[in-house]
file my_file-v2.txt (compact mmCIF, C-alpha atoms and all ligand atoms)
# COMPACT_ATOMS: atom_id res chain seq x y z
CA MET A 29 88.87 68.43 -6.89
CA SER A 30 86.33 69.98 -4.50
CA THR A 31 86.16 69.12 -0.82
CA VAL A 32 82.86 68.78 1.01
CA LEU A 33 82.39 68.61 4.77
CA VAL A 34 79.51 66.24 5.52
CA THR A 35 77.93 66.71 8.97
CA GLY A 36 75.95 63.65 10.05
CA GLY A 37 77.71 61.65 7.35
CA ALA A 38 77.51 58.40 9.34
CA GLY A 39 73.70 58.49 9.30
CA PHE A 40 71.21 56.97 6.89
CA ILE A 41 71.05 59.65 4.18
CA GLY A 42 74.53 60.99 4.90
CA SER A 43 76.23 57.62 4.33
CA HIS A 44 74.54 57.15 0.94
CA THR A 45 75.47 60.69 -0.04
CA CYS A 46 79.11 60.10 0.96
CA VAL A 47 79.22 57.13 -1.44
CA GLU A 48 77.85 59.25 -4.30
CA LEU A 49 80.27 62.11 -3.55
CA LEU A 50 83.28 59.77 -3.48
CA ASP A 51 82.15 58.04 -6.67
CA ALA A 52 81.87 61.44 -8.36
CA GLY A 53 85.45 62.33 -7.38
CA PHE A 54 84.81 64.70 -4.46
CA ASN A 55 87.02 64.70 -1.38
CA ILE A 56 84.94 64.35 1.72
CA ILE A 57 85.43 65.01 5.41
CA VAL A 58 82.82 63.58 7.76
CA LEU A 59 81.80 64.98 11.14
CA ASP A 60 79.44 62.99 13.36
CA ASN A 61 78.91 62.41 17.08
CA PHE A 62 77.33 58.95 16.57
CA SER A 63 74.27 60.00 18.59
CA ASN A 64 72.16 58.10 16.05
CA SER A 65 74.69 56.11 14.02
CA LYS A 66 77.63 53.77 14.29
CA PRO A 67 81.25 53.86 13.09
CA GLU A 68 80.59 50.71 11.06
CA SER A 69 78.66 52.76 8.50
CA LEU A 70 81.85 54.73 7.77
CA ARG A 71 83.81 51.52 7.20
CA ARG A 72 81.09 50.38 4.81
CA ILE A 73 81.24 53.66 2.84
CA GLU A 74 84.98 53.00 2.37
CA LYS A 75 84.28 49.44 1.34
CA ILE A 76 81.73 50.40 -1.30
CA SER A 77 83.72 53.29 -2.72
CA GLY A 78 87.21 51.84 -2.33
CA LYS A 79 88.27 55.26 -1.05
CA SER A 80 89.16 56.59 2.37
CA PHE A 81 88.38 59.92 3.96
CA LYS A 82 89.00 61.97 7.10
CA PHE A 83 86.56 61.60 9.97
CA TYR A 84 85.99 63.74 13.07
CA GLU A 85 84.01 62.37 15.98
CA ALA A 86 82.66 65.69 17.17
CA ASP A 87 79.48 67.38 18.30
CA LEU A 88 78.23 70.39 16.35
CA LEU A 89 77.34 72.00 19.68
CA ASP A 90 81.07 72.20 20.43
CA LEU A 91 82.13 75.31 18.52
CA ASP A 92 85.84 74.81 19.24
CA ALA A 93 85.69 71.31 17.77
CA VAL A 94 83.86 72.54 14.66
CA ASN A 95 86.33 75.40 14.21
CA ARG A 96 89.17 72.90 14.49
CA VAL A 97 87.78 70.91 11.56
CA PHE A 98 87.88 74.02 9.37
CA ASP A 99 91.29 75.12 10.75
CA GLU A 100 92.80 71.76 9.88
CA ASN A 101 91.11 71.56 6.46
CA PRO A 102 91.32 74.95 4.74
CA GLU A 103 90.46 73.21 1.45
CA ILE A 104 86.77 72.78 2.43
CA ASP A 105 84.65 74.34 -0.35
CA ALA A 106 81.14 73.48 0.82
CA VAL A 107 79.18 71.79 3.58
CA ILE A 108 76.33 69.30 3.39
CA HIS A 109 74.55 69.53 6.71
CA PHE A 110 72.66 66.37 7.70
CA ALA A 111 73.43 66.34 11.44
CA GLY A 112 70.28 66.65 13.48
CA LEU A 113 67.79 64.73 15.58
CA LYS A 114 64.81 63.52 13.57
CA ALA A 115 62.27 61.53 15.58
CA VAL A 116 58.98 63.42 15.48
CA GLY A 117 57.43 61.75 18.57
CA GLU A 118 60.59 62.19 20.64
CA SER A 119 60.72 65.87 19.67
CA VAL A 120 57.29 66.34 21.27
CA SER A 121 58.51 64.93 24.59
CA LYS A 122 62.01 66.51 24.39
CA PRO A 123 61.49 69.88 22.68
CA VAL A 124 64.41 71.61 24.42
CA GLU A 125 66.86 68.90 23.36
CA TYR A 126 65.58 69.05 19.76
CA TYR A 127 65.69 72.83 19.47
CA HIS A 128 69.12 72.92 21.11
CA ASN A 129 70.71 70.16 19.05
CA ASN A 130 69.26 71.14 15.69
CA ILE A 131 69.19 74.92 15.92
CA THR A 132 72.21 75.64 18.13
CA GLY A 133 74.15 72.98 16.22
CA THR A 134 73.35 74.72 12.94
CA LEU A 135 74.25 78.15 14.37
CA MET A 136 77.64 76.82 15.52
CA LEU A 137 78.25 75.39 12.09
CA ILE A 138 77.32 78.65 10.37
CA LYS A 139 79.59 80.60 12.76
CA ALA A 140 82.53 78.32 12.01
CA MET A 141 81.82 78.53 8.28
CA ARG A 142 81.69 82.34 8.42
CA THR A 143 84.95 82.50 10.39
CA HIS A 144 86.61 80.36 7.71
CA ASN A 145 84.95 82.08 4.77
CA VAL A 146 83.14 78.93 3.61
CA LYS A 147 79.80 80.13 2.31
CA ARG A 148 78.24 77.21 0.50
CA ILE A 149 75.80 74.95 2.30
CA VAL A 150 73.29 72.28 1.39
CA PHE A 151 70.81 71.76 4.22
CA SER A 152 68.60 68.73 5.00
CA SER A 153 65.14 70.16 5.30
CA SER A 154 61.92 68.18 5.09
CA ALA A 155 58.51 68.09 3.50
CA THR A 156 57.28 68.53 7.07
CA VAL A 157 57.82 72.31 6.61
CA TYR A 158 54.66 72.39 4.47
CA GLY A 159 52.65 71.70 7.64
CA VAL A 160 49.08 70.51 7.40
CA ASN A 161 47.27 73.29 5.57
CA ASN A 162 48.74 73.21 2.07
CA PRO A 163 47.09 71.38 -0.83
CA VAL A 164 49.01 68.63 -2.67
CA PRO A 165 51.25 68.48 -4.55
CA TYR A 166 53.54 70.62 -2.41
CA VAL A 167 55.24 73.42 -4.31
CA GLU A 168 58.28 75.29 -2.96
CA THR A 169 56.47 78.64 -3.02
CA MET A 170 53.81 77.50 -0.52
CA PRO A 171 53.83 78.96 3.00
CA THR A 172 55.94 77.06 5.54
CA ASN A 173 55.01 78.87 8.71
CA SER A 174 53.22 76.01 10.43
CA SER A 175 54.29 72.61 11.67
CA THR A 176 52.77 70.00 13.95
CA ASN A 177 55.77 69.28 16.17
CA PRO A 178 59.10 70.66 17.46
CA TYR A 179 61.13 68.61 14.96
CA GLY A 180 59.22 70.22 12.09
CA TYR A 181 59.67 73.65 13.63
CA THR A 182 63.45 73.15 13.80
CA LYS A 183 63.39 72.72 10.01
CA VAL A 184 61.13 75.76 9.51
CA MET A 185 63.39 77.85 11.76
CA ILE A 186 66.69 76.69 10.25
CA GLU A 187 65.37 77.47 6.77
CA GLN A 188 64.55 80.98 8.04
CA ILE A 189 67.97 81.37 9.68
CA LEU A 190 69.70 80.43 6.43
CA LYS A 191 67.53 82.82 4.41
CA ASP A 192 68.50 85.59 6.86
CA VAL A 193 72.18 84.64 6.57
CA TYR A 194 71.93 85.11 2.83
CA ALA A 195 69.98 88.39 3.20
CA ALA A 196 72.82 89.74 5.36
CA ASP A 197 75.58 88.52 3.05
CA ASN A 198 74.84 87.83 -0.62
CA GLU A 199 78.09 85.91 -1.02
CA TRP A 200 76.40 82.80 0.43
CA SER A 201 75.10 79.91 -1.70
CA ILE A 202 72.42 77.95 0.12
CA SER A 203 70.30 75.02 -0.91
CA LEU A 204 67.39 73.97 1.33
CA LEU A 205 66.50 70.45 0.28
CA ARG A 206 63.02 69.37 1.31
CA TYR A 207 63.05 65.58 1.40
CA PHE A 208 59.90 63.57 1.09
CA ASN A 209 60.04 60.00 2.48
CA PRO A 210 63.48 58.44 1.89
CA ILE A 211 63.54 54.63 2.03
CA GLY A 212 65.52 51.74 0.54
CA ALA A 213 69.25 51.16 0.70
CA HIS A 214 72.40 51.03 -1.41
CA SER A 215 72.25 48.19 -3.96
CA SER A 216 75.31 46.54 -2.37
CA GLY A 217 73.24 45.84 0.76
CA LEU A 218 76.15 47.21 2.82
CA ILE A 219 74.54 50.46 3.97
CA GLY A 220 70.93 51.22 4.80
CA GLU A 221 68.71 52.42 7.61
CA ASP A 222 69.49 51.08 11.08
CA PRO A 223 67.17 52.79 13.58
CA ASN A 224 67.64 52.42 17.33
CA GLY A 225 64.88 50.59 19.17
CA ILE A 226 61.39 50.21 17.75
CA PRO A 227 61.21 51.96 14.36
CA ASN A 228 58.86 54.95 14.17
CA ASN A 229 58.72 55.05 10.40
CA LEU A 230 56.92 52.69 8.07
CA PHE A 231 59.73 51.25 5.97
CA PRO A 232 62.18 50.17 8.70
CA TYR A 233 59.21 48.67 10.55
CA ILE A 234 58.26 46.59 7.50
CA GLN A 235 61.91 45.52 7.13
CA GLN A 236 61.84 44.21 10.70
CA VAL A 237 58.58 42.34 10.13
CA ALA A 238 60.21 40.74 7.08
CA THR A 239 63.28 39.64 9.07
CA GLY A 240 61.04 38.24 11.82
CA LYS A 241 62.11 40.80 14.42
CA ARG A 242 58.55 42.18 14.69
CA GLU A 243 55.41 40.10 14.57
CA PHE A 244 53.21 42.30 12.38
CA LEU A 245 52.91 45.78 10.93
CA GLY A 246 50.38 48.07 12.59
CA VAL A 247 48.69 50.05 9.83
CA PHE A 248 47.80 53.40 11.34
CA GLY A 249 44.29 53.98 10.00
CA ASN A 250 42.40 52.71 6.94
CA ASP A 251 39.72 55.40 6.83
CA TYR A 252 41.73 58.19 5.25
CA ASP A 253 40.52 59.94 2.13
CA THR A 254 42.82 57.88 -0.14
CA PRO A 255 42.15 55.08 -2.67
CA ASP A 256 42.63 52.23 -0.14
CA GLY A 257 42.03 54.28 3.01
CA THR A 258 45.66 54.12 4.23
CA GLY A 259 48.05 57.08 4.30
CA VAL A 260 49.71 58.13 1.05
CA ARG A 261 53.31 59.45 0.91
CA ASP A 262 55.95 60.25 -1.69
CA TYR A 263 58.59 57.56 -1.04
CA ILE A 264 61.96 58.24 -2.62
CA HIS A 265 64.90 55.84 -2.98
CA VAL A 266 67.71 57.01 -0.69
CA VAL A 267 70.19 56.64 -3.58
CA ASP A 268 68.09 58.98 -5.73
CA LEU A 269 68.07 61.37 -2.79
CA ALA A 270 71.85 61.06 -2.41
CA LYS A 271 72.30 61.86 -6.11
CA GLY A 272 70.10 64.93 -5.57
CA HIS A 273 72.70 66.15 -3.05
CA LEU A 274 75.43 65.73 -5.61
CA CYS A 275 73.49 67.99 -7.98
CA ALA A 276 72.78 70.48 -5.19
CA VAL A 277 76.42 70.67 -4.17
CA LYS A 278 77.47 71.28 -7.77
CA TYR A 279 74.78 73.95 -7.98
CA VAL A 280 75.96 75.83 -4.88
CA MET A 281 79.52 75.74 -6.23
CA GLU A 282 78.38 77.83 -9.18
CA HIS A 283 75.42 79.93 -7.98
CA LYS A 284 75.00 82.38 -5.14
CA GLY A 285 71.59 82.73 -3.54
CA VAL A 286 69.17 80.68 -1.47
CA GLU A 287 66.86 78.09 -3.00
CA ALA A 288 64.37 75.71 -1.43
CA VAL A 289 64.01 72.56 -3.54
CA ASN A 290 61.75 69.52 -3.13
CA LEU A 291 63.39 66.13 -3.51
CA GLY A 292 60.58 63.69 -4.16
CA THR A 293 59.23 61.58 -6.99
CA GLY A 294 55.91 63.38 -7.40
CA LYS A 295 54.06 60.06 -6.93
CA GLY A 296 52.11 58.89 -3.92
CA SER A 297 51.98 55.33 -2.55
CA SER A 298 49.80 54.05 0.26
CA VAL A 299 50.91 52.06 3.30
CA LEU A 300 49.41 48.93 1.74
CA ASP A 301 51.10 49.65 -1.63
CA VAL A 302 54.48 49.69 0.14
CA LEU A 303 53.68 46.61 2.21
CA HIS A 304 52.61 44.63 -0.87
CA ALA A 305 55.66 45.76 -2.87
CA PHE A 306 57.85 44.59 0.00
CA GLU A 307 56.07 41.23 0.09
CA LYS A 308 56.90 40.85 -3.59
CA ALA A 309 60.55 41.72 -2.91
CA CYS A 310 60.99 39.29 -0.01
CA GLY A 311 58.76 36.58 -1.42
CA LYS A 312 56.57 36.13 1.65
CA GLU A 313 53.37 37.42 3.08
CA LEU A 314 53.82 40.02 5.80
CA PRO A 315 51.19 40.10 8.56
CA TYR A 316 49.52 43.41 9.39
CA LYS A 317 46.73 44.70 11.59
CA ILE A 318 44.66 47.82 11.12
CA MET A 319 45.21 50.12 14.11
CA PRO A 320 43.85 53.55 15.08
CA ARG A 321 45.21 56.60 13.27
CA ARG A 322 48.51 58.00 14.58
CA ALA A 323 48.15 61.49 16.07
CA GLY A 324 49.41 64.23 13.77
CA ASP A 325 49.28 62.14 10.55
CA ILE A 326 47.63 63.50 7.44
CA ASP A 327 45.98 61.52 4.68
CA CYS A 328 48.17 62.26 1.69
CA TYR A 329 51.13 64.30 0.53
CA TYR A 330 53.60 64.25 -2.33
CA ALA A 331 56.00 66.61 -4.07
CA ALA A 332 55.81 68.78 -7.12
CA PRO A 333 59.31 67.76 -8.27
CA THR A 334 59.72 70.13 -11.22
CA LYS A 335 61.97 72.73 -9.59
CA ALA A 336 64.69 70.13 -8.94
CA LYS A 337 64.52 69.15 -12.59
CA GLU A 338 64.78 72.75 -13.77
CA LEU A 339 67.48 73.87 -11.36
CA PHE A 340 69.58 70.73 -10.89
CA ASN A 341 68.53 68.64 -13.89
CA TRP A 342 67.75 65.97 -11.28
CA GLU A 343 64.82 63.60 -11.10
CA ALA A 344 64.14 60.44 -9.17
CA LYS A 345 64.61 57.26 -11.20
CA TYR A 346 63.84 54.38 -8.87
CA THR A 347 60.42 52.81 -8.33
CA ILE A 348 58.80 51.49 -5.16
CA ASP A 349 59.77 47.97 -6.31
CA ASP A 350 63.43 49.07 -6.53
CA MET A 351 63.21 50.63 -3.06
CA CYS A 352 61.76 47.41 -1.60
CA ARG A 353 64.28 45.15 -3.40
CA ASP A 354 67.22 47.17 -2.05
CA GLY A 355 65.67 47.66 1.40
CA TRP A 356 65.10 43.91 1.67
CA ASN A 357 68.64 43.17 0.48
CA PHE A 358 70.04 45.36 3.28
CA ALA A 359 67.67 43.96 5.93
CA ARG A 360 68.38 40.37 4.90
CA GLN A 361 72.15 40.86 5.00
CA ASN A 362 72.02 42.90 8.21
CA PRO A 363 69.15 41.60 10.35
CA ASP A 364 70.69 43.36 13.34
CA GLY A 365 71.57 46.51 11.42
CA TYR A 366 75.21 47.47 11.95
CA GLY A 367 75.24 45.36 15.14
CA GLU A 368 77.41 46.80 17.90
CA GLY A 369 78.97 48.88 15.20
P1 LIG A 401 70.26 59.95 10.86
O1 LIG A 401 69.86 60.08 12.29
O2 LIG A 401 70.51 58.59 10.32
O3 LIG A 401 71.55 60.85 10.58
C1 LIG A 401 71.82 62.04 11.27
C2 LIG A 401 73.25 61.97 11.77
O4 LIG A 401 73.57 63.18 12.48
C3 LIG A 401 73.50 60.81 12.74
O5 LIG A 401 74.61 60.07 12.29
C4 LIG A 401 73.77 61.50 14.08
O6 LIG A 401 74.68 60.75 14.87
C5 LIG A 401 74.32 62.84 13.63
N1 LIG A 401 74.13 63.95 14.59
C6 LIG A 401 72.98 64.35 15.18
N2 LIG A 401 73.20 65.41 15.97
C7 LIG A 401 74.53 65.69 15.88
C8 LIG A 401 75.37 66.67 16.47
N3 LIG A 401 74.90 67.58 17.34
N4 LIG A 401 76.68 66.68 16.14
C9 LIG A 401 77.18 65.77 15.27
N5 LIG A 401 76.44 64.81 14.68
C10 LIG A 401 75.12 64.77 15.00
O7 LIG A 401 69.15 60.70 10.00
P2 LIG A 401 68.91 60.70 8.43
O8 LIG A 401 67.66 59.96 8.17
O9 LIG A 401 70.14 60.35 7.71
O10 LIG A 401 68.58 62.25 8.24
C11 LIG A 401 69.58 63.20 7.91
C12 LIG A 401 68.97 64.58 7.93
O11 LIG A 401 67.87 64.61 7.03
C13 LIG A 401 68.40 65.01 9.29
O12 LIG A 401 68.66 66.38 9.46
C14 LIG A 401 66.92 64.76 9.14
O13 LIG A 401 66.15 65.60 9.97
C15 LIG A 401 66.69 65.09 7.67
N6 LIG A 401 65.52 64.42 7.11
C16 LIG A 401 65.40 63.06 7.20
C17 LIG A 401 64.28 62.42 6.68
C18 LIG A 401 64.13 60.92 6.79
O14 LIG A 401 63.03 60.42 6.57
N7 LIG A 401 65.15 60.15 7.09
C19 LIG A 401 63.28 63.17 6.07
C20 LIG A 401 63.43 64.55 5.97
C21 LIG A 401 64.56 65.17 6.50
C1 LIG A 402 57.37 61.11 9.28
C2 LIG A 402 57.31 62.41 10.01
C3 LIG A 402 57.90 63.51 9.14
C4 LIG A 402 59.30 63.12 8.70
C5 LIG A 402 59.22 61.78 7.98
C6 LIG A 402 60.54 61.28 7.52
C7 LIG A 402 55.36 62.14 11.47
C8 LIG A 402 53.98 62.62 11.80
N1 LIG A 402 55.95 62.69 10.40
O1 LIG A 402 56.59 61.24 8.11
O2 LIG A 402 57.94 64.71 9.86
O3 LIG A 402 59.83 64.12 7.85
O4 LIG A 402 58.66 60.81 8.87
O5 LIG A 402 61.33 60.90 8.60
O6 LIG A 402 55.91 61.29 12.14
N2 LIG A 402 52.67 54.02 9.22
C9 LIG A 402 51.99 52.88 9.58
N3 LIG A 402 52.58 52.03 10.49
C10 LIG A 402 53.81 52.27 11.03
C11 LIG A 402 54.51 53.45 10.65
C12 LIG A 402 53.88 54.30 9.73
O7 LIG A 402 50.88 52.62 9.11
O8 LIG A 402 54.28 51.47 11.86
C13 LIG A 402 52.05 54.90 8.21
C14 LIG A 402 51.84 56.33 8.66
O9 LIG A 402 50.59 56.48 9.28
C15 LIG A 402 51.96 57.09 7.33
C16 LIG A 402 52.96 56.27 6.53
O10 LIG A 402 52.96 54.97 7.12
O11 LIG A 402 50.71 57.08 6.67
C17 LIG A 402 54.36 56.82 6.54
O12 LIG A 402 54.76 57.02 7.90
P1 LIG A 402 56.26 57.39 8.29
O13 LIG A 402 57.20 56.48 7.64
O14 LIG A 402 56.32 57.51 9.78
O15 LIG A 402 56.48 58.82 7.61
P2 LIG A 402 55.58 60.16 7.70
O16 LIG A 402 54.56 60.06 8.74
O17 LIG A 402 55.16 60.50 6.33
call {"tool": "encode", "arguments": {"input": "my_file-v2.txt", "output": "structure tokens"}}
result
Amino acid sequence: MSTVLVTGGAGFIGSHTCVELLDAGFNIIVLDNFSNSKPESLRRIEKISGKSFKFYEADLLDLDAVNRVFDENPEIDAVIHFAGLKAVGESVSKPVEYYHNNITGTLMLIKAMRTHNVKRIVFSSSATVYGVNNPVPYVETMPTNSSTNPYGYTKVMIEQILKDVYAADNEWSISLLRYFNPIGAHSSGLIGEDPNGIPNNLFPYIQQVATGKREFLGVFGNDYDTPDGTGVRDYIHVVDLAKGHLCAVKYVMEHKGVEAVNLGTGKGSSVLDVLHAFEKACGKELPYKIMPRRAGDIDCYYAAPTKAKELFNWEAKYTIDDMCRDGWNFARQNPDGYGEG
């Protein structure tokens, strides 16, 4: 049985991936500093899977702590690296904190892995690496040398660092997973997205309008070059995304090299498409107001998902309606998220 260290495993995507890994028979070890998550999510992973696992409350910036995890668990075969800060707007006002946490944190992890001869890693990258100048759909071979914000640049830079790690030592197996827009929740309604404060992203905001926590959704612009004028994105069910990690981890177990792979559905949905699908799921009308465009937004992007199919034999299965049903189920059962956690 293989053992996977999951950094950031208490977070939104990490928690869903832990469930899939446990269900598939992997041993997992989770490392998280709870900077953007709560211990309750770990208890819920155990509840869903009926399995327990080792957890380290540790910061990736603390090299001694990271080394200790590998010292105490020589059976670790691979790492899935989710831990990072992810709020685009915050990264613009706190660039030093974002570069330090995401890049230094990744360098510490790579150092500890190298010391312990663990050379398989699956990294959480983002469609944001495609920047603003590429045509859609985004294909993995497109240039990724531009971004619009420090968060995006941390992903561009970490991808480069990992490519250089492989260039220096061909024993590494590296998967750079470029996520599109993950939304939804586990079908149990036990785990889902629980952002701190006012949500920045569309889906958690809609969830909070549906639970009555927010009065209305602000739709950021209806004059984009899209069918209904609102922004179009490639929304992917977080459970599909989690299953993509399972495929990627199996792939890095068997193949050396470095591969960037899109994880998306290949289909675009507008802000109003998502809002109306959510209304259907929760059975009520959700108020919205058209607002000015948000700085830095682009009209439309979605994935070319074929490489994931070819390499991993993975493709997204769930529809927007599934994402809204499961997202509503989580929001309804957990109107205050994980609470005090
Ligand atoms: P999340 O914030 O829910 O999870 C990240 C986890 O990492 C949190 O539990 C946080 O406490 C932990 N963490 C952060 N810095 C750490 C550190 N220095 N040491 C230890 N733990 C630390 O975010 P998520 O949505 O689950 O995203 C996971 C990864 O996927 C991130 O790297 C994110 O940038 C990337 N990603 C997310 C999206 C998205 O829409 N959610 C899209 C593309 C890429
Ligand atoms: C954002 C990030 C991106 C990151 C991704 C996933 C920006 C500019 N980009 O992508 O780097 O990888 O999240 O975390 O922040 N919208 C509204 N009202 C809202 C919120 C959003 O109308 O209250 C619209 C947006 O204008 C956009 C769409 O909904 O058209 C999706 O927005 P969001 O969920 O924030 O994701 P992205 O902007 O695609």
call {"tool": "closest_residue", "arguments": {"input": "my_file-v2.txt", "among": "A:Ser80, A:Ser43, A:Ser175, A:Ser30", "to": "Lys271 (chain A)", "atoms": "all atoms listed in the file"}}
result
A:Ser43
call {"tool": "closest_atom_pairs", "arguments": {"input": "my_file-v2.txt", "of": "chain A", "to": "ligand LIG 401 (chain A)", "cutoff": "6 Å", "atoms": "all atoms listed in the file", "output": "Markdown table"}}
result
| residue | atom | partner | partner_atom | distance |
| --- | --- | --- | --- | --- |
| A:Gly36 | CA | A:LIG401 | O4 | 3.4 |
| A:Ala38 | CA | A:LIG401 | O5 | 4.5 |
| A:Gly39 | CA | A:LIG401 | O2 | 3.4 |
| A:Phe40 | CA | A:LIG401 | O9 | 3.6 |
| A:Ile41 | CA | A:LIG401 | O9 | 3.7 |
| A:Gly42 | CA | A:LIG401 | O9 | 5.3 |
| A:Asp60 | CA | A:LIG401 | N5 | 3.7 |
| A:Asn61 | CA | A:LIG401 | C9 | 4.2 |
| A:Phe62 | CA | A:LIG401 | O6 | 3.6 |
| A:Ser63 | CA | A:LIG401 | O6 | 3.8 |
| A:Asn64 | CA | A:LIG401 | O6 | 3.8 |
| A:Ser65 | CA | A:LIG401 | O5 | 4.3 |
| A:Ala86 | CA | A:LIG401 | C9 | 5.8 |
| A:Asp87 | CA | A:LIG401 | N4 | 3.6 |
| A:Leu88 | CA | A:LIG401 | N4 | 4.0 |
| A:Leu89 | CA | A:LIG401 | N3 | 5.6 |
| A:Phe110 | CA | A:LIG401 | C12 | 4.1 |
| A:Ala111 | CA | A:LIG401 | O4 | 3.3 |
| A:Gly112 | CA | A:LIG401 | C6 | 3.9 |
| A:Leu113 | CA | A:LIG401 | C6 | 5.2 |
| A:Lys114 | CA | A:LIG401 | O13 | 4.4 |
| A:Asn129 | CA | A:LIG401 | N3 | 5.2 |
| A:Gly133 | CA | A:LIG401 | N3 | 5.6 |
| A:Ser152 | CA | A:LIG401 | O11 | 4.7 |
| A:Ser153 | CA | A:LIG401 | C21 | 5.2 |
| A:Ser154 | CA | A:LIG401 | C20 | 4.0 |
| A:Tyr207 | CA | A:LIG401 | C20 | 4.7 |
| A:Asn209 | CA | A:LIG401 | O14 | 5.1 |
| A:Pro210 | CA | A:LIG401 | O14 | 5.1 |
call {"tool": "closest_residue", "arguments": {"input": "my_file-v2.txt", "among": "A:Leu274, A:Ile56, A:Val260, A:Val94", "to": "ligand LIG 402 (chain A)", "atoms": "all atoms listed in the file"}}
result
A:Val260
call {"tool": "closest_residue", "arguments": {"input": "my_file-v2.txt", "among": "A:Ile264, A:Ala106, A:Met281, A:Val120", "to": "Leu137 (chain A)", "atoms": "all atoms listed in the file"}}
result
A:Ala106
call {"tool": "residues_near_ligand", "arguments": {"input": "my_file-v2.txt", "ligand": "ligand LIG 402 (chain A)", "cutoff": "9 Å", "atoms": "all atoms listed in the file", "output": "PyMOL selection string"}}
result
chain A and resi 114-117+153-157+175-177+179-180+206-211+227-234+245-250+258-263+298-300+302+318-319+321-329
call {"tool": "atom_distance", "arguments": {"input": "my_file-v2.txt", "atom1": "CA of Ile149 (chain A)", "atom2": "CA of Ile108 (chain A)"}}
result
5.8 Å
call {"tool": "closest_residue", "arguments": {"input": "my_file-v2.txt", "among": "A:Ala52, A:Ala305, A:Val97, A:Cys310", "to": "Gly240 (chain A)", "atoms": "only C-alpha atoms"}}
result
A:Cys310
call {"tool": "residues_around", "arguments": {"input": "my_file-v2.txt", "residues": "Arg142 (chain A)", "least_positions_apart": "2", "cutoff": "12 Å", "atoms": "only C-alpha atoms", "output": "PyMOL selection string"}}
result
chain A and resi 94-95+98+106-107+135-140+144-149+193-194+196-197+199-200
call {"tool": "closest_residue", "arguments": {"input": "my_file-v2.txt", "among": "A:Ser216, A:Asn290, A:Gln188, A:Ser121", "to": "Thr169 (chain A)", "atoms": "all atoms listed in the file"}}
result
A:Asn290
call {"tool": "build_atoms", "arguments": {"input": "my_file-v2.txt", "residues": "region 148-159 of chain A", "atoms": "N, CA and C atoms", "output": "PDB file, in the frame of the given file"}}
result
ATOM      1  N   ARG A 148      79.125  78.067   1.311  1.00  0.00           N
ATOM      2  CA  ARG A 148      78.240  77.210   0.500  1.00  0.00           C
ATOM      3  C   ARG A 148      77.700  76.100   1.380  1.00  0.00           C
ATOM      4  N   ILE A 149      76.381  75.995   1.442  1.00  0.00           N
ATOM      5  CA  ILE A 149      75.800  74.950   2.300  1.00  0.00           C
ATOM      6  C   ILE A 149      74.549  74.344   1.670  1.00  0.00           C
ATOM      7  N   VAL A 150      74.482  73.029   1.802  1.00  0.00           N
ATOM      8  CA  VAL A 150      73.290  72.280   1.390  1.00  0.00           C
ATOM      9  C   VAL A 150      72.679  71.741   2.673  1.00  0.00           C
ATOM     10  N   PHE A 151      71.434  72.112   2.945  1.00  0.00           N
ATOM     11  CA  PHE A 151      70.810  71.760   4.220  1.00  0.00           C
ATOM     12  C   PHE A 151      69.686  70.744   4.040  1.00  0.00           C
ATOM     13  N   SER A 152      69.653  69.754   4.960  1.00  0.00           N
ATOM     14  CA  SER A 152      68.600  68.730   5.000  1.00  0.00           C
ATOM     15  C   SER A 152      67.334  69.284   5.610  1.00  0.00           C
ATOM     16  N   SER A 153      66.443  69.765   4.768  1.00  0.00           N
ATOM     17  CA  SER A 153      65.140  70.160   5.300  1.00  0.00           C
ATOM     18  C   SER A 153      64.173  69.008   5.034  1.00  0.00           C
ATOM     19  N   SER A 154      62.895  69.280   5.152  1.00  0.00           N
ATOM     20  CA  SER A 154      61.920  68.180   5.090  1.00  0.00           C
ATOM     21  C   SER A 154      60.598  68.678   4.553  1.00  0.00           C
ATOM     22  N   ALA A 155      59.862  67.766   3.956  1.00  0.00           N
ATOM     23  CA  ALA A 155      58.510  68.090   3.500  1.00  0.00           C
ATOM     24  C   ALA A 155      57.620  68.487   4.672  1.00  0.00           C
ATOM     25  N   THR A 156      58.067  68.174   5.884  1.00  0.00           N
ATOM     26  CA  THR A 156      57.280  68.530   7.070  1.00  0.00           C
ATOM     27  C   THR A 156      57.097  70.051   7.187  1.00  0.00           C
ATOM     28  N   VAL A 157      57.970  70.842   6.530  1.00  0.00           N
ATOM     29  CA  VAL A 157      57.820  72.310   6.610  1.00  0.00           C
ATOM     30  C   VAL A 157      56.530  72.795   5.952  1.00  0.00           C
ATOM     31  N   TYR A 158      55.919  71.968   5.111  1.00  0.00           N
ATOM     32  CA  TYR A 158      54.660  72.390   4.470  1.00  0.00           C
ATOM     33  C   TYR A 158      53.481  72.336   5.432  1.00  0.00           C
ATOM     34  N   GLY A 159      53.696  71.715   6.613  1.00  0.00           N
ATOM     35  CA  GLY A 159      52.650  71.700   7.640  1.00  0.00           C
ATOM     36  C   GLY A 159      51.440  70.914   7.189  1.00  0.00           C
TER      37      GLY A 159
END
